[in-house]
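Take a look at the structure set out below.
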Amino acid sequence: MKALFALAFKSAWARRFLLTITLVAIALATSLLLAIERVRLDARTSFTQAVSGVDLVVGARGGALELMLNAVFHAGGSSHTIRWDSFEAWRRHPAVAWAVPVSLGDAYRGFPVVGTTPDYFRHLHHGDKKPLTFAAGRSFAGDLDSVFEAVVGHTVASQLGLRTGERITLSHGMTELSPLHADKPFTIVGILAPTGTPMDRAVFVSLEAISAIHLDWVAGAPTPGLSIPAELVRKFDLAPKTITAFYLGLHQRADVFRLQRAIHSYVQEPLLAVLPGVALDELWSLLTQVETTLLTLSALVVVVGLAGLSATMLASLESRRRELAILRSLGAGAPEILLLLATEGMIVTAAGILAGLVLLALALIPLAPLAHGYGIHLSWRPPAASEWMILGAIFLSGILSSLVPGLRALRMTLVDGLTPRS
Amino acid sequence: MIRQLLFLCLFCAAPLAAQTFPEIKWEELVPKSWNPAALFKDLDLSKLSDADPRAMEAMERLKREWDAAPIEPALSGRRGRIAGFAIPLERAGEKVSEFLLVPYFGACIHTPPPPANQIIHARASKPLADVRMMAPIWVFGTLEIKRRETQWGVAGYAMRVERIEPYQGAPAPR
Amino acid sequence: MIELAEVVFRWPGQRKPCLAIERFHLAPAERVFLHGPSGSGKSTLLNLIGGVMRPAQGRIVVLGQDLAALRARRRDRFRADHIGFIFQQFNLLPWLSVLDNVLLACRFSSRRRERAGNARAAAERLLASLDMAPSLWRRPAAELSVGQQQRVAAARALIGRPEILIADEPTSALDAERQLAFIDLLLSEARATEAALLFVSHDLRLARHFDRIVEMQAINRMAGEADR
């Protein structure tokens with residue numbers, strides 16, 4: 001057996017130029033399939049880990065997914081706002097244990113700015129009920145004396161090389177051409193520990209800070225001739241008037257349906273209350289169809305690669321008739337011939353899979369930051385169960401596809417015997 | 001003799017497993033004294049159209065009754081299995097560690113939510129796989145009564161979940 | 001050693017047999033020259049003796065074993081254990097070294113491996129006595145000349161001392177002076193191991209080195225009518 005493997009290896013090595021081409025095809029197909037599966041798994045994990053311990057997310061009436069994208073993933077543009085007194089009313093509801101408001105719309109170098117209260121860091125959990133912790137510094141104080149304090153997520157700090165004590169300038173809106181709030185810089189007072197969620201990519205400031213930087217702005221642009229310097233903002237009324245959404249935590253989680261219905265019946269303002277778990281499930285059913293299509297297509301690519309292996313081996317059989325006759329004369333029978341060819345195919349497939357894994361690891365380098373923009377945390381981790389199954393399936397298919405030339409070789413030797421024509 | 005005993009044990013194992021988790025029906029969660037239909041004794045609902053204000057008001061009263069639905073204290077500590085639809089609350093990866101169990105599908109979409117005594121707040125120490133919103137499941141565990149901290153409404157049911165199974169029709173005969 | 005009786009072979013799908021031999025035999029340690037032009041059925045006869053193909057009728061007994069009684073796997077092993085083959089050319093796997101090519105015979109036959117003792121040493125000894133310089137032993141077989149390759153093939157056929165050697169036109173690809181040298185080497189090695197040698201060739205001039213000459217056309221009733 002070991003001898004046969006060594007023979008198969010040397011035989012494959014002798015034909016390495018031709019086989020390398022199929023190896024590359026298998027490698028590319030493998031890495032494509034694995035990449036899609038990895039993005040699928042990591043996206044699923046990232047999305048389900050994004051928010052934990054929150055019973056309801058409440059925002060302006062509209063689409064539930066849009067609300068989730070806004071409030072949880074800080075994406076999707078936030079043109080709809082709700083009134084501050086709606087938040088106050090629901091915060092005081094007897095069923096509610098805690099409430100945290102968020103306000104979106106500004107950015108810092110491409111990262112969304114989230115206006116909120118210090119309660120955010122106390123109540124918002126992620127993953128499996130994991131609380132937010134600080135890698136450095138502390139939360140912003142949220143009082144009028146410290147309006148221009150900011151907390152940044154871990155990715156923001158590491159990508160831009162920020163440390164506590166440094167100053168940053170926010171921009172209005174999320175695009176590159178957004179005008180800057182240049183006259184009102186913020187000081188970083190805290191950096192969050194990594195969470196693997198969209199919180200890593202956000203900059204957190206108080207709601208008063210959001211009001212302050214927009215004091216002399218009207219309709220999205222600075223008012224010409226009116227410029228209020230940073231030191232004087234405290235003299236103005238910085239209380240928030242509108243917010244994008246708020247999170248609610250209840251005393252009893254089973255109350256969530258009643259409260260949701262109550263919020264939907266609120267006559268003072270049309271509101272939408274969403275159960276995060278339910279909304280994410282709906283997002284998932286939407287995406288599952290895309291996932292399935294992508295996976296099927298890449299599986300087909302793998303089939304093409306393996307068909308190439310089969311074809312290459314078949315094509316080389318003609319020139320191997322003498323070789324096979326020699327082996328027959330030495331006592332090799334049908335099982336040995338089959339095993340030899342299957343082993344050759346297995347070696348090429350295994351090498352292709354390994355190369356594919358290397359390619360995937362290399363591809364993660366540019367892919368990971370790209371995926372981060374969508375809230376997906378692509379991690380360097382060993383393969384998950386489904387990924388192992390994919391690798392196993394590719395490997396088995398490789399052996400199967402080399403049985404085709406194997407069987408053909410058998411038929412050839414049956415006819416040739418010890419004295420082939422060539 | 002030993003072999004016969006072994007066979008006997010194996011034959012009894014399946015129904016025995018069902019026995020250690022007797023089925024709990026949703027009706028048992030409702031105290032027998034509670035009868036919201038009594039509210040509408042004097043109203044002949046078949047004669048009202050949907051837009052009739054009395055129908056709307058009846059609906060509102062029903063909803064309020066449901067919100068105030070009392071719990072059955074005798075169920076505290078009851079071990080068994082109950083079939084229902086899960087609404088995931090907390091996840092650990094793809095598995096679900098905490099969910100709400102309701103008797104019918106659609107409790108979170110546009111139909112009215114179930115009465116307070118028909119919602120079970122279920123928690124599992126080991127996160128569970130294959131908990132999906134649209135698929136009914138058997139939940140095996142122990143019921144508990146949770147006291148309220150505020151004055152809004154009544155106490156509720158919770159459950160410590162040991163395991164779940166997909167629901168495939170009526171339970172095995174006991 | 002080898003006994004054929006009333007053997008008839010027919011290609012699948014052919015009505016007429018291409019081989020019909022009433023009797024053929026090879027005695028132990030005998031050196032037989034089998035002569036016949038192409039198409040006389042030589043290859044078929046070798047395939048039958050090697051157990052690679054089965055006759056439609058007749059008995060083939062090799063070393064006392066009726067080949068028809070063996071299943072295909074056993075026949076493969078029998079062939080590996082007891083017969084060493086040398087072909088006209090392309091005897092070797094070009095991507096294996098000279099030594100590995102010789103040792104291939106021991107990989108497929110544990111009997112021959114045991115009879116060789118230390119297989120590697122036996123291979124080296126054979127290569128040396130067949131005039132192969134040690135510097136060539138680790139080279140890939142593809143780098144050798146035809147004459148060198150034939151000698152390596154002979155070493156492979158001889159290692160482990162199989163009882164029967166079958167050489168199918170082994171010198172036809174060699175030039176005249178090397179032909180004689182090769183036959184000399186082969187015969188002396190065969191004598192040393194007391195193997196029977198069946199030497200197939202179309203060149204009658206080589207026949208004088210052998211104990212007996214057999215004409216294919218004499219023993220094969222269907223010679224000249226074969227399709228191959």
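Simple scheme: letters A, B, ... for chains in structure tokens order, numbers from 1 for residues in each chain, numbers from 1 for ligands in the order shown.
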
Would you write out, as CSV, a table of all residues in chain A that have an atom no more than 12 Å from an atom of chain B, listing for each the closest atom pair and the distance in Å to one decimal, considering only C-alpha atoms and ordering rows by chain and rising residue number?
residue,atom,partner,partner_atom,distance
A:Arg40,CA,B:Glu94,CA,11.8
A:Leu41,CA,B:Glu94,CA,9.0
A:Asp42,CA,B:Gly93,CA,9.5
A:Ala43,CA,B:Gly93,CA,10.7
A:Arg44,CA,B:Glu94,CA,7.5
A:Thr45,CA,B:Gly93,CA,5.4
A:Ser46,CA,B:Gly93,CA,8.5
A:Phe47,CA,B:Gly93,CA,9.5
A:Thr48,CA,B:Arg91,CA,6.6
A:Gln49,CA,B:Gly93,CA,7.0
A:Ala50,CA,B:Arg91,CA,10.1
A:Val51,CA,B:Glu90,CA,8.8
A:Ser52,CA,B:Glu90,CA,6.2
A:Gly53,CA,B:Glu90,CA,7.0
A:Val54,CA,B:Leu89,CA,8.5
A:Asp55,CA,B:Leu89,CA,7.6
A:Leu56,CA,B:Leu89,CA,10.3
A:Ala64,CA,B:Ile109,CA,11.4
A:His93,CA,B:Trp152,CA,9.0
A:Pro94,CA,B:Trp152,CA,6.1
A:Ala95,CA,B:Trp152,CA,6.1
A:Val96,CA,B:Thr150,CA,9.4
A:Ala97,CA,B:Thr150,CA,9.6
A:His125,CA,B:Glu90,CA,10.7
A:His126,CA,B:Glu90,CA,9.7
A:Gly127,CA,B:Ala92,CA,6.6
A:Asp128,CA,B:Ala92,CA,5.2
A:Lys129,CA,B:Glu90,CA,7.9
A:Lys130,CA,B:Ala92,CA,10.6
A:Gly249,CA,B:Leu89,CA,11.8
A:Leu250,CA,B:Thr150,CA,10.6
A:His251,CA,B:Glu149,CA,7.1
A:Gln252,CA,B:Arg148,CA,7.4
A:Arg253,CA,B:His121,CA,7.0
A:Ala254,CA,B:His121,CA,5.8
A:Asp255,CA,B:Ala116,CA,7.7
A:Val256,CA,B:Cys108,CA,9.5
A:Phe257,CA,B:Pro113,CA,6.0
A:Arg258,CA,B:Pro113,CA,7.1
A:Leu259,CA,B:Asp67,CA,10.2
A:Gln260,CA,B:Cys108,CA,9.0
A:Arg261,CA,B:Pro112,CA,8.2
A:Ala262,CA,B:Lys63,CA,10.9
A:His264,CA,B:His110,CA,11.0
A:Ser265,CA,B:Glu60,CA,11.6
A:Ala273,CA,B:Cys108,CA,10.9
A:Val274,CA,B:Cys108,CA,9.3
A:Leu275,CA,B:Leu89,CA,8.1
A:Pro276,CA,B:Leu89,CA,7.7
A:Gly277,CA,B:Leu89,CA,5.3
A:Val278,CA,B:Pro88,CA,6.8
A:Ala279,CA,B:Pro88,CA,10.2
A:Leu280,CA,B:Pro88,CA,9.8
A:Asp281,CA,B:Met133,CA,7.6
A:Glu282,CA,B:Met133,CA,9.3
A:Trp284,CA,B:Arg132,CA,11.0
A:Ser285,CA,B:Met133,CA,10.5
A:Ala384,CA,B:Gly93,CA,11.9

Mind the document's chain letters and residue numbers, and return as a ChimeraX atom specification the residues of region 37-133 of chain C that DSSP labels strand (DSSP E or B). /C:57-62,65-66,83-86,97

Restrict the selected residues to N, CA and C atoms and save them as an mmCIF file, in the first residue's frame.
data_model
loop_
_atom_site.group_PDB
_atom_site.id
_atom_site.type_symbol
_atom_site.label_atom_id
_atom_site.label_comp_id
_atom_site.auth_asym_id
_atom_site.auth_seq_id
_atom_site.Cartn_x
_atom_site.Cartn_y
_atom_site.Cartn_z
ATOM 1 N N GLN C 57 -10.532 -22.759 -24.826
ATOM 2 C CA GLN C 57 -10.498 -24.192 -24.502
ATOM 3 C C GLN C 57 -9.075 -24.581 -24.160
ATOM 4 N N GLY C 58 -8.939 -25.720 -23.544
ATOM 5 C CA GLY C 58 -7.605 -26.283 -23.348
ATOM 6 C C GLY C 58 -7.083 -26.067 -21.945
ATOM 7 N N ARG C 59 -5.917 -26.674 -21.687
ATOM 8 C CA ARG C 59 -5.309 -26.588 -20.355
ATOM 9 C C ARG C 59 -3.961 -25.897 -20.439
ATOM 10 N N ILE C 60 -3.745 -25.016 -19.503
ATOM 11 C CA ILE C 60 -2.412 -24.406 -19.378
ATOM 12 C C ILE C 60 -1.941 -24.687 -17.961
ATOM 13 N N VAL C 61 -0.845 -25.454 -17.861
ATOM 14 C CA VAL C 61 -0.333 -25.793 -16.536
ATOM 15 C C VAL C 61 1.060 -25.199 -16.399
ATOM 16 N N VAL C 62 1.241 -24.359 -15.419
ATOM 17 C CA VAL C 62 2.548 -23.742 -15.175
ATOM 18 C C VAL C 62 3.023 -24.161 -13.794
ATOM 19 N N GLN C 65 0.640 -25.892 -11.738
ATOM 20 C CA GLN C 65 -0.619 -25.225 -11.406
ATOM 21 C C GLN C 65 -1.437 -25.011 -12.677
ATOM 22 N N ASP C 66 -2.651 -25.553 -12.660
ATOM 23 C CA ASP C 66 -3.555 -25.326 -13.778
ATOM 24 C C ASP C 66 -4.076 -23.892 -13.666
ATOM 25 N N ILE C 83 7.190 -15.717 -12.762
ATOM 26 C CA ILE C 83 7.621 -15.401 -14.125
ATOM 27 C C ILE C 83 8.250 -14.014 -14.166
ATOM 28 N N GLY C 84 9.398 -13.923 -14.846
ATOM 29 C CA GLY C 84 9.999 -12.618 -15.085
ATOM 30 C C GLY C 84 9.918 -12.297 -16.570
ATOM 31 N N PHE C 85 9.419 -11.113 -16.898
ATOM 32 C CA PHE C 85 9.226 -10.749 -18.311
ATOM 33 C C PHE C 85 10.262 -9.724 -18.748
ATOM 34 N N ILE C 86 10.713 -9.860 -20.012
ATOM 35 C CA ILE C 86 11.516 -8.812 -20.644
ATOM 36 C C ILE C 86 10.872 -8.551 -22.002
ATOM 37 N N SER C 97 13.850 5.466 -10.713
ATOM 38 C CA SER C 97 15.281 5.268 -10.894
ATOM 39 C C SER C 97 15.542 3.825 -11.328
#

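Proximity to chain C at a cut-off of 9 Å picks out Ala3, Leu4, Leu7, Lys10, Ser11, Trp13, Ala14, Arg322, Glu323, Ile326, Leu327, Arg328, Ser329, Leu330, Gly331, Ala332, Gly333, Ala334, Pro335, Leu414, Val415, Gly417, Leu418 and Thr419 of chain A on chain A, counting only C-alpha atoms.
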
Output of the above residues as a CSV table (one decimal), in the first residue's frame, restricted to N, CA and C atoms:
chain,number,residue,atom,x,y,z
A,3,ALA,N,3.8,1.3,-0.9
A,3,ALA,CA,4.6,1.3,-2.2
A,3,ALA,C,3.7,1.9,-3.3
A,4,LEU,N,2.5,1.5,-3.3
A,4,LEU,CA,1.6,2.0,-4.3
A,4,LEU,C,1.5,3.5,-4.2
A,7,LEU,N,4.5,5.1,-5.6
A,7,LEU,CA,4.5,4.9,-7.1
A,7,LEU,C,3.6,6.0,-7.7
A,10,LYS,N,5.2,9.4,-7.5
A,10,LYS,CA,6.2,9.6,-8.5
A,10,LYS,C,5.6,9.8,-9.9
A,11,SER,N,4.6,9.0,-10.1
A,11,SER,CA,3.9,9.0,-11.4
A,11,SER,C,3.3,10.4,-11.7
A,13,TRP,N,4.1,13.1,-10.2
A,13,TRP,CA,5.2,14.1,-10.2
A,13,TRP,C,5.8,14.2,-11.6
A,14,ALA,N,5.9,13.0,-12.3
A,14,ALA,CA,6.4,12.9,-13.6
A,14,ALA,C,5.6,13.7,-14.6
A,322,ARG,N,1.9,1.3,-22.3
A,322,ARG,CA,3.1,0.5,-22.0
A,322,ARG,C,3.4,0.4,-20.5
A,323,GLU,N,3.3,1.5,-19.8
A,323,GLU,CA,3.5,1.5,-18.4
A,323,GLU,C,2.5,0.5,-17.7
A,326,ILE,N,3.6,-3.0,-18.4
A,326,ILE,CA,4.7,-3.4,-17.5
A,326,ILE,C,4.2,-3.8,-16.1
A,327,LEU,N,3.3,-2.9,-15.6
A,327,LEU,CA,2.8,-3.2,-14.2
A,327,LEU,C,2.0,-4.5,-14.2
A,328,ARG,N,1.3,-4.8,-15.3
A,328,ARG,CA,0.6,-6.0,-15.4
A,328,ARG,C,1.5,-7.2,-15.4
A,329,SER,N,2.6,-7.1,-16.2
A,329,SER,CA,3.5,-8.2,-16.2
A,329,SER,C,4.2,-8.5,-14.9
A,330,LEU,N,4.3,-7.4,-14.1
A,330,LEU,CA,4.9,-7.6,-12.8
A,330,LEU,C,3.9,-8.2,-11.8
A,331,GLY,N,2.6,-8.3,-12.1
A,331,GLY,CA,1.7,-8.9,-11.2
A,331,GLY,C,0.6,-7.9,-10.7
A,332,ALA,N,0.6,-6.7,-11.3
A,332,ALA,CA,-0.5,-5.8,-10.8
A,332,ALA,C,-1.8,-6.2,-11.5
A,333,GLY,N,-2.9,-6.3,-10.7
A,333,GLY,CA,-4.2,-6.7,-11.2
A,333,GLY,C,-5.1,-5.5,-11.2
A,334,ALA,N,-6.3,-5.8,-11.4
A,334,ALA,CA,-7.3,-4.7,-11.5
A,334,ALA,C,-7.3,-3.8,-10.3
A,335,PRO,N,-7.3,-4.4,-9.1
A,335,PRO,CA,-7.4,-3.5,-7.9
A,335,PRO,C,-6.2,-2.5,-7.9
A,414,LEU,N,-7.1,-4.9,-20.2
A,414,LEU,CA,-7.8,-6.1,-20.5
A,414,LEU,C,-7.5,-6.5,-22.0
A,415,VAL,N,-7.7,-5.5,-22.8
A,415,VAL,CA,-7.5,-5.7,-24.3
A,415,VAL,C,-6.0,-5.9,-24.6
A,417,GLY,N,-3.3,-6.6,-22.7
A,417,GLY,CA,-2.5,-7.7,-22.0
A,417,GLY,C,-1.1,-7.2,-21.8
A,418,LEU,N,-0.2,-8.0,-22.1
A,418,LEU,CA,1.2,-7.7,-21.9
A,418,LEU,C,1.8,-7.0,-23.1
A,419,THR,N,1.1,-7.0,-24.2
A,419,THR,CA,1.7,-6.5,-25.4
A,419,THR,C,0.8,-5.5,-26.1

Set the distance at 10 Å and use only C-alpha atoms: which residues neighbour region 25-27 of chain B once local chain neighbours fewer than 2 positions away are removed? I'd like the list as a list in words.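 Skipping anything fewer than 2 positions along the chain leaves Pro22, Glu23, Leu29, Val30, Pro31, Lys32, Gly80, Arg81, Ile82, Ala83, Gly84, Val102, Pro103, Asn117, Gln118 and Ile119 of chain B.
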
CA of Val139 (chain B) to CA of Glu98 (chain B), distance in Å rounded to a single decimal: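 Computing it gives 12.2 Å between the two atoms.
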
Please, what distance in Å, to one decimal, runs between CA of Glu208 (chain A) and CA of Leu104 (chain A)? 12.9 Å
